[in-house]
Amino acid sequence: MRYSILILTFITFWSCNTVEDSMPISNTPDVPDEVLFEEGLFVINEGNFDWGHGTLSFKKYESDSVYEEIYKQRNDFELGNVAQSMTIIDDKGYICVNNSARVDIIETKTAKWIGRVEIPRSSPRYLLPVNEQKAYITDLYADRFYILDLDSNKIVKEVGTTGWTEKMCKVDNFVYMTQTRTVFDHRKGGQFLLKINATTDIVVDSLELPYGPIDLQVDKNEKIWVLCNGGLVQLTPAIVQVDPNTFKVIKTFDLSANDYLSMPSRLRINKDKDILYYIQKDVFALPIEASSPSSIIPKEKRLFYGLGVSPHNNDIYVADAIDYVQKGWIFKYNQEGVKLDSFKVGVIPNEIVFQ
Amino acid sequence: MDSTTYLSEVEIIGQRIPERVSFKNTKIDKEQIDQYLSASLGELLTLNTPIFIKSYGAGGTATPSFRGTGASHTQVYWNGINLNSPMLGQVDLSLFPVAFTDEVTVNYGASSLLYGTGGLGGGIQMNSKLNWNKKQEIILSQTYNTLQNSITNGSVSFSNEKWSSTTKLFYKDARNLFEFENPLQPNTPTWNNDHSGQIQYGALQEVGYKINDNHILQGNLWYQNSERKLTPSMDNRYGDSQQGDESLRGLLSWKVNYDALKLDWNHAFIHDFLWYEKLLNNDETPKTTNSDSHTYQYQSHLRTSYQVNDKLLLRGGYDYAWDQIHSNQYQASTDSSTVDVQQHTFDVFGGFDYFPMEQLSMSFLLRQQWIDGDIKPTLPSIGLEYQWNRNGKFTYSLRGNISKNFHAPSLNDRYWYPVGNPDLLPEEGWTYEGTFGIQSQWKNNWRLTYDITAFSSIIHNWIVWKPAVSNLWRPENLKKVNSRGIEQILQLTYHKNDWQWIGYVSVSYVKSENLEAYDELDESVGTQLIYTPIFSAQGYIQASYKSWYGIVEQQIYGKRLTQTDGSEYLPPYYLTNFSIGKQFSFRQHRFDVKARIENVFAFHYQSIARKPMPGRVYQLTFTYKL
């Protein structure tokens with residue numbers, strides 16, 4: 001009896017593994033300590049919603065080496081899920097981690113974690129520096145955007161909108177922001193380009209757009225191009241050119257869709273800011289003066305998910321997430337659509353960020 | 001064991017239609033179930049069968065993986081009624097209280113074809129046994145544990161010549177509260193698992209009426225409601241989702257029992273209400289996503305067997321199900337109304353068990369299904385069993401069977417807006433199985449049974465949800481899966497004077513892998529399916545001496561991949577539980593006090609990646625019986 005009490009006491013205070021031993025183990029090779037993440041591109045990999053984890057991959061322009069899970073490797077903890085975007089401001093990278101309700105900040109050169117902006121129950125999507133002091137953060141669900149103080153890394157203000165805020169650009173002293181509504185939202189309307197005074201943070205105007213404005217770019221003439229995905233039901237995808245001064249639509253390209261499978265996504269622009277690119281099954285190019293888009297990279301057996309165009313040499317990078325439960329791939333093409341390279345990255349590659 | 005003396009002798013009037021010879025099934029009987037009155041069916045199966053249960057956190061959804069197959073490939077039957085949701089195709093085993101069943105039979109692989117299609121992994125039957133012993137019995141049981149969970153059970157049963165009635169009540173207030181270290185966050189903070197609470201309650205009424213010695217009418221009514229918060233991942237400090245599962249099941253059956261003829265004719269009505277809500281932002285009245293689905297089902301089953309002579313048993317019957325789904329997920333959410341989807345499934349089956357010699361037996365069954373009038377694949381299954389040395393110390397047996405089975409796409413697979421794919425093909429394939437068994441006679445107080453089974457099946461058109469366009473997931477017939485493995489089960493029983501020992505071990509080795517790449521970059525080929533362990537073992541030792549008893553349980557699971565290319569996996573885990581109890585009597589009142597420690601070694605583990613699981617849990621159960 002005495003022994004059994006002893007044994008019981010012993011096991012009560014004894015635990016045979018540590019919490020670290022219970023964590024998922026990845027087969028990603030170690031990144032040597034001396035590697036710095038310079039002169040290359042980052043790939044933001046979402047990771048599986050809820051139980052997965054977002055990862056950062058890095059590839060140097062002039063070498064074949066791809067470094068995976070650099071955030072986890074340099075910090076010993078994970079990025080969270082779903083990693084949506086990274087914005088580089090000077091030497092810092094601001095990573096919006098949407099389901100984890102936060103923005104994590106790293107030093108891009110080392111991938112070392114610097115700090116975190118927690119916004120409870122938010123779903124941060126994209127971040128745009130507005131001036132030296134502040135940045136705007138959009139949110140998938142909250143009907144608002146946040147104003148981040150870049151010195152204190154604190155949210156100093158919230159501005160209400162009437163829908164999901166997504167992509168932003170700045171022209172002169174105004175920030176332009178797309179606003180749409182998620183599939184869960186039963187309200188009608190609300191498909192806008194918002195015009196926000198960058199000094200006062202007040203929404204000064206809104207422009208009604210075709211259904212689903214989700215991405216935008218500014219061309220060399222400082223005109224704004226907005227990609228509208230057309231929605232699941234409405235099936236009216238379009239690309240719209242907007243004059244920021246008059247705040248009116250200049251022209252509209254209808255991207256006809258027969259079913260939801262031809263919903264377009266991702267709007268990118270080349271180095272000279274005169275050719276737009278987007279995904280609609282294939283990768284399409286739309287020169288800003290052209291009368292219609294043309295397919296330059298056929299989809300074939302791929303399912304294109306992410307898209308990036310190098311601001312250095314116009315190379316086009318396309319991401320394929322395979323079955324979305326394994327490591328994805330990036331394919332690199334030149335402007336003519338000739339395949340140059342491909343490399344494996346993390347789970348669900350979403351955004352490609354060029355240094 | 002002593003606790004068995006607490007059970008009244010149950011006189012079984014409606015001898016059930018026998019299971020098929022040469023097909024594998026195991027039974028968890030009432031004595032065993034009585035040890036786990038406060039547990040869910042998932043918890044019981046995890047300890048007593050080779051079925052791997054994947055759990056989404058404490059109190060969370062628990063889905064089975066049987067012989068390396070998916071959650072929808074295990075069919076669950078309650079007194080012959082299929083409980084798999086026609087929407088999801090699967091069941092949540094955490095929702096069935098063990099206390100509401102009297103007997104659990106596990107049908108491995110094609111053994112489930114006697115009850116229906118779709119059990120590519122197998123089937124689980126929860127059966128009720130009415131008490132005809134003309135005595136009144138009352139059971140009250142209360143369990144507390146250090147997760148701040150409280151589980152209350154009660155049951156009253158009585159019977160006379162003509163009538164038998166059993167009433168069962170269940171109430172669970174589970175906070176599932178524990179602290180855990182979180183290495184996914186900077187500086188590994190300690191977090192509280194404070195978003196896993198569950199309130200579950202239910203009532204079951206069972207009534208039997210004996211028309212005469214050979215005919216019984218039986219009615220069962222089961223209401224149950226569960227509301228729970230869903231455990232967030234360790235990446236997320238705040239939980240934001242909750243789920244409700246409410247169901248009402250009514251069953252009427254007519255049982256005929258002659259020496260030769262046995263018949264069981266069931267009619268059931270089932271209403272399931274499933275809701276899910278996710279808070280989308282931090283407003284005072286936050287936006288939510290809501291999914292509400294009502295499932296209405298009528299099922300009718302006829303199962304008969306007829307013993308023609310000593311050598312031949314014929315069996316046959318039909319299964320019919322009408323499903324109607326009323327859901328806001330089957331059409332565009334811009335339209336806030338709901339839409340109805342219906343489905344009729346009709347099966348006929350027939351076959352025989354044949355015993356040409358004393359040592360040799362065979363079983364044949366043919367099943368044919370129609371869904372909405374469309375004829376589905378014909379499903380033959382045939383098995384042979386040879387036993388020898390039947391009068392010796394050990395009886396040996398060899399069993400082999402070959403069968404075809406298929407699993408129809410669920411209604412979500414077909415109709416979920418807008419990605420539902422009406423052109424999906426059923427998952428189908430052949431299974432081959434062979435078993436060598438040893439069974440000893442009672443000898444020197446010992447008894448031993450041992451089975452080793454090898455099986456292999458290739459399932460074509462395996463359905464996978466995969467994005468078809470940015471972030472819109474759609475079901476497709478993508479994979480061809482080969483699941484094959486070896487299962488061993490050893491059971492030892494020892495009786496002497498006041499001592500009784502029972503030892504049980506099952507060890508499984510199952511390779512379940514995709515054979516077909518959907519393009520040249522897909523690295524899932526030849527890789528074990530995610531969240532499916534190759535190696536698993538479970539076992540227990542029960543010992544009882546006079547009024548004392550003790551149980552040690554052990555579970556071991558090998559590594560489980562979390563990504564289809566094998567690029568990430570969860571390490572193996574080992575769980576040990578220990579229970580000790582004592583029974584007291586005072587006149588006709590009987591008491592049982594049981595102390596239990598779950599996860600004795602506080603082993604850190606995860607069932608789903610990044611979902612926290614509890615460490616050591618202390619539990620106390622009081623049971624009163626009259």
# chains A, B, ... in the order shown; residues from 1 in each chain; ligands from 1
>>> interface_residues(of="chain A", to="chain B", cutoff="8 Å", atoms="only C-alpha atoms", output="count of residues only")
59
>>> residues_around(residues="Ala257 of chain A", least_positions_apart="6", cutoff="9 Å", atoms="only C-alpha atoms", output="list of chain:residue names")
A:Gly230, A:Leu235, A:Thr236, A:Pro237, A:Met263, A:Pro264
>>> atom_distance(atom1="atom CA of Ser157 of chain B", atom2="atom CA of Val91 of chain B")
28.5 Å
>>> select_by_dssp(residues="segment 169-330 of chain B", states="strand (DSSP E)", output="ChimeraX atom specification")
/B:169-174,179-181,190-192,198-212,215-229,241-257,261-279,288-309,312-327
>>> write_last_selection(atoms="C-alpha atoms", output="CSV table (one decimal), in the first residue's frame")
chain,number,residue,atom,x,y,z
B,169,LEU,CA,-31.8,10.8,-18.6
B,170,PHE,CA,-28.5,12.4,-19.2
B,171,TYR,CA,-27.1,15.8,-18.4
B,172,LYS,CA,-23.6,17.0,-19.0
B,173,ASP,CA,-22.2,20.4,-18.1
B,174,ALA,CA,-18.7,20.3,-19.3
B,179,GLU,CA,-4.4,25.5,-18.7
B,180,PHE,CA,-1.8,24.8,-21.3
B,181,GLU,CA,1.6,26.2,-22.3
B,190,THR,CA,0.3,29.8,-20.4
B,191,TRP,CA,-3.2,30.0,-21.9
B,192,ASN,CA,-6.5,28.9,-20.6
B,198,GLN,CA,-20.5,22.1,-23.7
B,199,ILE,CA,-24.0,21.6,-22.3
B,200,GLN,CA,-25.6,18.4,-23.4
B,201,TYR,CA,-28.7,16.8,-22.2
B,202,GLY,CA,-31.0,14.0,-23.4
B,203,ALA,CA,-33.8,11.7,-22.6
B,204,LEU,CA,-34.5,8.2,-23.9
B,205,GLN,CA,-37.7,6.3,-23.4
B,206,GLU,CA,-37.9,2.7,-24.5
B,207,VAL,CA,-41.1,0.6,-24.2
B,208,GLY,CA,-41.7,-3.0,-25.1
B,209,TYR,CA,-45.0,-4.8,-25.4
B,210,LYS,CA,-45.1,-8.6,-25.6
B,211,ILE,CA,-48.0,-9.6,-27.9
B,212,ASN,CA,-47.1,-13.2,-27.1
B,215,HIS,CA,-44.0,-11.2,-31.0
B,216,ILE,CA,-42.8,-8.0,-29.4
B,217,LEU,CA,-43.6,-4.4,-30.3
B,218,GLN,CA,-41.0,-1.9,-29.2
B,219,GLY,CA,-40.9,1.9,-29.3
B,220,ASN,CA,-37.9,4.1,-28.6
B,221,LEU,CA,-37.9,7.9,-28.4
B,222,TRP,CA,-34.6,9.7,-28.0
B,223,TYR,CA,-34.3,13.4,-27.7
B,224,GLN,CA,-31.0,15.1,-27.3
B,225,ASN,CA,-29.5,18.6,-27.4
B,226,SER,CA,-25.9,19.8,-27.3
B,227,GLU,CA,-24.5,23.3,-27.5
B,228,ARG,CA,-20.8,23.8,-27.4
B,229,LYS,CA,-18.1,26.3,-28.0
B,241,SER,CA,-17.4,29.7,-33.1
B,242,GLN,CA,-20.1,27.6,-31.5
B,243,GLN,CA,-22.3,24.7,-32.7
B,244,GLY,CA,-25.5,23.2,-31.7
B,245,ASP,CA,-26.7,19.6,-32.4
B,246,GLU,CA,-30.3,18.9,-31.6
B,247,SER,CA,-32.0,15.6,-32.5
B,248,LEU,CA,-35.2,13.7,-32.0
B,249,ARG,CA,-35.3,10.1,-33.0
B,250,GLY,CA,-38.4,7.9,-32.8
B,251,LEU,CA,-38.3,4.2,-33.6
B,252,LEU,CA,-41.1,1.7,-33.8
B,253,SER,CA,-40.2,-2.0,-34.3
B,254,TRP,CA,-41.9,-5.3,-34.5
B,255,LYS,CA,-39.8,-8.3,-33.6
B,256,VAL,CA,-40.8,-11.8,-34.4
B,257,ASN,CA,-38.9,-14.6,-32.8
B,261,LEU,CA,-37.8,-17.5,-38.2
B,262,LYS,CA,-36.6,-14.2,-36.9
B,263,LEU,CA,-37.8,-10.9,-38.2
B,264,ASP,CA,-37.2,-7.3,-37.3
B,265,TRP,CA,-39.2,-4.6,-38.9
B,266,ASN,CA,-38.3,-1.0,-38.0
B,267,HIS,CA,-39.7,2.4,-38.8
B,268,ALA,CA,-38.0,5.5,-37.7
B,269,PHE,CA,-38.4,9.2,-37.9
B,270,ILE,CA,-35.4,11.4,-37.3
B,271,HIS,CA,-35.1,15.1,-37.1
B,272,ASP,CA,-31.7,16.7,-36.7
B,273,PHE,CA,-31.1,20.4,-36.3
B,274,LEU,CA,-27.5,21.4,-36.8
B,275,TRP,CA,-26.4,25.0,-36.4
B,276,TYR,CA,-23.1,26.8,-36.4
B,277,GLU,CA,-22.3,30.3,-35.6
B,278,LYS,CA,-19.1,32.3,-35.9
B,279,LEU,CA,-18.6,35.8,-34.5
B,288,THR,CA,-22.0,36.4,-37.5
B,289,THR,CA,-22.0,33.7,-40.1
B,290,ASN,CA,-24.8,31.3,-39.5
B,291,SER,CA,-25.5,28.0,-40.9
B,292,ASP,CA,-28.7,26.3,-40.0
B,293,SER,CA,-29.7,22.9,-41.4
B,294,HIS,CA,-32.7,20.7,-40.6
B,295,THR,CA,-32.6,17.1,-41.6
B,296,TYR,CA,-35.8,15.1,-41.7
B,297,GLN,CA,-35.5,11.4,-42.2
B,298,TYR,CA,-37.9,8.5,-42.5
B,299,GLN,CA,-36.3,5.1,-42.4
B,300,SER,CA,-37.8,1.7,-42.7
B,301,HIS,CA,-35.8,-1.6,-42.4
B,302,LEU,CA,-36.8,-5.2,-42.7
B,303,ARG,CA,-34.3,-7.8,-41.6
B,304,THR,CA,-35.2,-11.5,-41.5
B,305,SER,CA,-33.5,-14.8,-41.1
B,306,TYR,CA,-34.9,-18.3,-41.6
B,307,GLN,CA,-33.1,-21.4,-40.4
B,308,VAL,CA,-34.1,-23.9,-43.1
B,309,ASN,CA,-32.3,-26.8,-41.4
B,312,LEU,CA,-28.7,-23.5,-44.0
B,313,LEU,CA,-29.8,-20.1,-42.8
B,314,LEU,CA,-31.4,-17.8,-45.2
B,315,ARG,CA,-31.6,-14.0,-44.7
B,316,GLY,CA,-33.0,-11.1,-46.5
B,317,GLY,CA,-34.7,-7.8,-46.2
B,318,TYR,CA,-34.8,-4.2,-47.4
B,319,ASP,CA,-33.6,-0.8,-46.2
B,320,TYR,CA,-35.3,2.4,-47.1
B,321,ALA,CA,-34.5,6.0,-46.3
B,322,TRP,CA,-36.1,9.2,-47.3
B,323,ASP,CA,-34.0,12.3,-46.5
B,324,GLN,CA,-35.0,15.8,-46.7
B,325,ILE,CA,-32.7,18.7,-46.0
B,326,HIS,CA,-33.8,22.2,-45.2
B,327,SER,CA,-30.7,24.3,-45.2
>>> decode(residues="segment 310-344 of chain A", atoms="N, CA and C atoms", output="PDB file, in the first residue's frame")
ATOM      1  N   SER A 310       7.448  41.080 -60.983  1.00  0.00           N
ATOM      2  CA  SER A 310       8.654  41.676 -60.414  1.00  0.00           C
ATOM      3  C   SER A 310       8.761  43.150 -60.790  1.00  0.00           C
ATOM      4  N   PRO A 311       8.954  44.017 -59.814  1.00  0.00           N
ATOM      5  CA  PRO A 311       9.139  45.442 -60.111  1.00  0.00           C
ATOM      6  C   PRO A 311      10.539  45.732 -60.665  1.00  0.00           C
ATOM      7  N   HIS A 312      11.379  44.682 -60.725  1.00  0.00           N
ATOM      8  CA  HIS A 312      12.734  44.888 -61.237  1.00  0.00           C
ATOM      9  C   HIS A 312      12.829  44.547 -62.710  1.00  0.00           C
ATOM     10  N   ASN A 313      12.245  43.400 -63.110  1.00  0.00           N
ATOM     11  CA  ASN A 313      12.434  42.958 -64.494  1.00  0.00           C
ATOM     12  C   ASN A 313      11.155  42.429 -65.131  1.00  0.00           C
ATOM     13  N   ASN A 314      10.011  42.662 -64.502  1.00  0.00           N
ATOM     14  CA  ASN A 314       8.717  42.264 -65.067  1.00  0.00           C
ATOM     15  C   ASN A 314       8.489  40.753 -65.149  1.00  0.00           C
ATOM     16  N   ASP A 315       9.328  39.953 -64.532  1.00  0.00           N
ATOM     17  CA  ASP A 315       9.055  38.512 -64.501  1.00  0.00           C
ATOM     18  C   ASP A 315       7.739  38.269 -63.760  1.00  0.00           C
ATOM     19  N   ILE A 316       7.016  37.272 -64.270  1.00  0.00           N
ATOM     20  CA  ILE A 316       5.711  36.984 -63.675  1.00  0.00           C
ATOM     21  C   ILE A 316       5.817  35.717 -62.829  1.00  0.00           C
ATOM     22  N   TYR A 317       5.373  35.804 -61.591  1.00  0.00           N
ATOM     23  CA  TYR A 317       5.410  34.661 -60.680  1.00  0.00           C
ATOM     24  C   TYR A 317       3.975  34.226 -60.387  1.00  0.00           C
ATOM     25  N   VAL A 318       3.711  32.937 -60.553  1.00  0.00           N
ATOM     26  CA  VAL A 318       2.364  32.436 -60.294  1.00  0.00           C
ATOM     27  C   VAL A 318       2.442  31.304 -59.271  1.00  0.00           C
ATOM     28  N   ALA A 319       1.521  31.315 -58.323  1.00  0.00           N
ATOM     29  CA  ALA A 319       1.530  30.293 -57.269  1.00  0.00           C
ATOM     30  C   ALA A 319       0.452  29.253 -57.533  1.00  0.00           C
ATOM     31  N   ASP A 320       0.790  27.986 -57.271  1.00  0.00           N
ATOM     32  CA  ASP A 320      -0.178  26.884 -57.351  1.00  0.00           C
ATOM     33  C   ASP A 320      -0.150  26.159 -56.007  1.00  0.00           C
ATOM     34  N   ALA A 321      -1.318  26.019 -55.380  1.00  0.00           N
ATOM     35  CA  ALA A 321      -1.374  25.410 -54.043  1.00  0.00           C
ATOM     36  C   ALA A 321      -1.666  23.905 -54.101  1.00  0.00           C
ATOM     37  N   ILE A 322      -1.589  23.300 -55.296  1.00  0.00           N
ATOM     38  CA  ILE A 322      -1.844  21.853 -55.491  1.00  0.00           C
ATOM     39  C   ILE A 322      -3.169  21.460 -54.849  1.00  0.00           C
ATOM     40  N   ASP A 323      -3.159  20.654 -53.779  1.00  0.00           N
ATOM     41  CA  ASP A 323      -4.436  20.279 -53.150  1.00  0.00           C
ATOM     42  C   ASP A 323      -4.735  21.103 -51.899  1.00  0.00           C
ATOM     43  N   TYR A 324      -3.942  22.131 -51.655  1.00  0.00           N
ATOM     44  CA  TYR A 324      -4.103  23.037 -50.502  1.00  0.00           C
ATOM     45  C   TYR A 324      -3.818  22.366 -49.165  1.00  0.00           C
ATOM     46  N   VAL A 325      -3.339  21.132 -49.181  1.00  0.00           N
ATOM     47  CA  VAL A 325      -2.960  20.472 -47.932  1.00  0.00           C
ATOM     48  C   VAL A 325      -1.554  19.906 -48.108  1.00  0.00           C
ATOM     49  N   GLN A 326      -0.792  20.497 -49.024  1.00  0.00           N
ATOM     50  CA  GLN A 326       0.619  20.145 -49.158  1.00  0.00           C
ATOM     51  C   GLN A 326       1.360  21.384 -49.628  1.00  0.00           C
ATOM     52  N   LYS A 327       2.682  21.275 -49.674  1.00  0.00           N
ATOM     53  CA  LYS A 327       3.474  22.437 -50.063  1.00  0.00           C
ATOM     54  C   LYS A 327       3.169  22.838 -51.503  1.00  0.00           C
ATOM     55  N   GLY A 328       3.070  24.124 -51.731  1.00  0.00           N
ATOM     56  CA  GLY A 328       2.733  24.631 -53.050  1.00  0.00           C
ATOM     57  C   GLY A 328       3.969  25.005 -53.857  1.00  0.00           C
ATOM     58  N   TRP A 329       3.701  25.459 -55.064  1.00  0.00           N
ATOM     59  CA  TRP A 329       4.772  25.791 -56.003  1.00  0.00           C
ATOM     60  C   TRP A 329       4.627  27.208 -56.528  1.00  0.00           C
ATOM     61  N   ILE A 330       5.778  27.791 -56.897  1.00  0.00           N
ATOM     62  CA  ILE A 330       5.789  29.064 -57.621  1.00  0.00           C
ATOM     63  C   ILE A 330       6.400  28.795 -58.997  1.00  0.00           C
ATOM     64  N   PHE A 331       5.730  29.303 -60.029  1.00  0.00           N
ATOM     65  CA  PHE A 331       6.272  29.218 -61.396  1.00  0.00           C
ATOM     66  C   PHE A 331       6.656  30.616 -61.840  1.00  0.00           C
ATOM     67  N   LYS A 332       7.815  30.695 -62.476  1.00  0.00           N
ATOM     68  CA  LYS A 332       8.271  32.007 -62.942  1.00  0.00           C
ATOM     69  C   LYS A 332       8.252  32.025 -64.465  1.00  0.00           C
ATOM     70  N   TYR A 333       7.675  33.073 -65.031  1.00  0.00           N
ATOM     71  CA  TYR A 333       7.595  33.238 -66.484  1.00  0.00           C
ATOM     72  C   TYR A 333       8.159  34.607 -66.834  1.00  0.00           C
ATOM     73  N   ASN A 334       8.589  34.769 -68.115  1.00  0.00           N
ATOM     74  CA  ASN A 334       8.924  36.121 -68.541  1.00  0.00           C
ATOM     75  C   ASN A 334       7.654  36.799 -69.051  1.00  0.00           C
ATOM     76  N   GLN A 335       7.773  38.031 -69.506  1.00  0.00           N
ATOM     77  CA  GLN A 335       6.582  38.803 -69.916  1.00  0.00           C
ATOM     78  C   GLN A 335       5.844  38.166 -71.070  1.00  0.00           C
ATOM     79  N   GLU A 336       6.561  37.361 -71.857  1.00  0.00           N
ATOM     80  CA  GLU A 336       5.919  36.718 -73.003  1.00  0.00           C
ATOM     81  C   GLU A 336       5.214  35.422 -72.596  1.00  0.00           C
ATOM     82  N   GLY A 337       5.356  35.059 -71.336  1.00  0.00           N
ATOM     83  CA  GLY A 337       4.692  33.849 -70.876  1.00  0.00           C
ATOM     84  C   GLY A 337       5.544  32.603 -71.054  1.00  0.00           C
ATOM     85  N   VAL A 338       6.847  32.776 -71.227  1.00  0.00           N
ATOM     86  CA  VAL A 338       7.735  31.623 -71.356  1.00  0.00           C
ATOM     87  C   VAL A 338       8.206  31.228 -69.960  1.00  0.00           C
ATOM     88  N   LYS A 339       8.055  29.945 -69.652  1.00  0.00           N
ATOM     89  CA  LYS A 339       8.399  29.488 -68.308  1.00  0.00           C
ATOM     90  C   LYS A 339       9.910  29.511 -68.119  1.00  0.00           C
ATOM     91  N   LEU A 340      10.337  30.110 -66.991  1.00  0.00           N
ATOM     92  CA  LEU A 340      11.763  30.228 -66.723  1.00  0.00           C
ATOM     93  C   LEU A 340      12.211  29.343 -65.569  1.00  0.00           C
ATOM     94  N   ASP A 341      11.353  29.150 -64.624  1.00  0.00           N
ATOM     95  CA  ASP A 341      11.815  28.537 -63.379  1.00  0.00           C
ATOM     96  C   ASP A 341      10.598  28.076 -62.574  1.00  0.00           C
ATOM     97  N   SER A 342      10.832  27.169 -61.646  1.00  0.00           N
ATOM     98  CA  SER A 342       9.777  26.840 -60.687  1.00  0.00           C
ATOM     99  C   SER A 342      10.437  26.404 -59.392  1.00  0.00           C
ATOM    100  N   PHE A 343       9.793  26.665 -58.303  1.00  0.00           N
ATOM    101  CA  PHE A 343      10.346  26.233 -57.012  1.00  0.00           C
ATOM    102  C   PHE A 343       9.233  26.005 -56.008  1.00  0.00           C
ATOM    103  N   LYS A 344       9.518  25.097 -55.061  1.00  0.00           N
ATOM    104  CA  LYS A 344       8.531  24.697 -54.064  1.00  0.00           C
ATOM    105  C   LYS A 344       8.594  25.650 -52.869  1.00  0.00           C
TER     106      LYS A 344
END
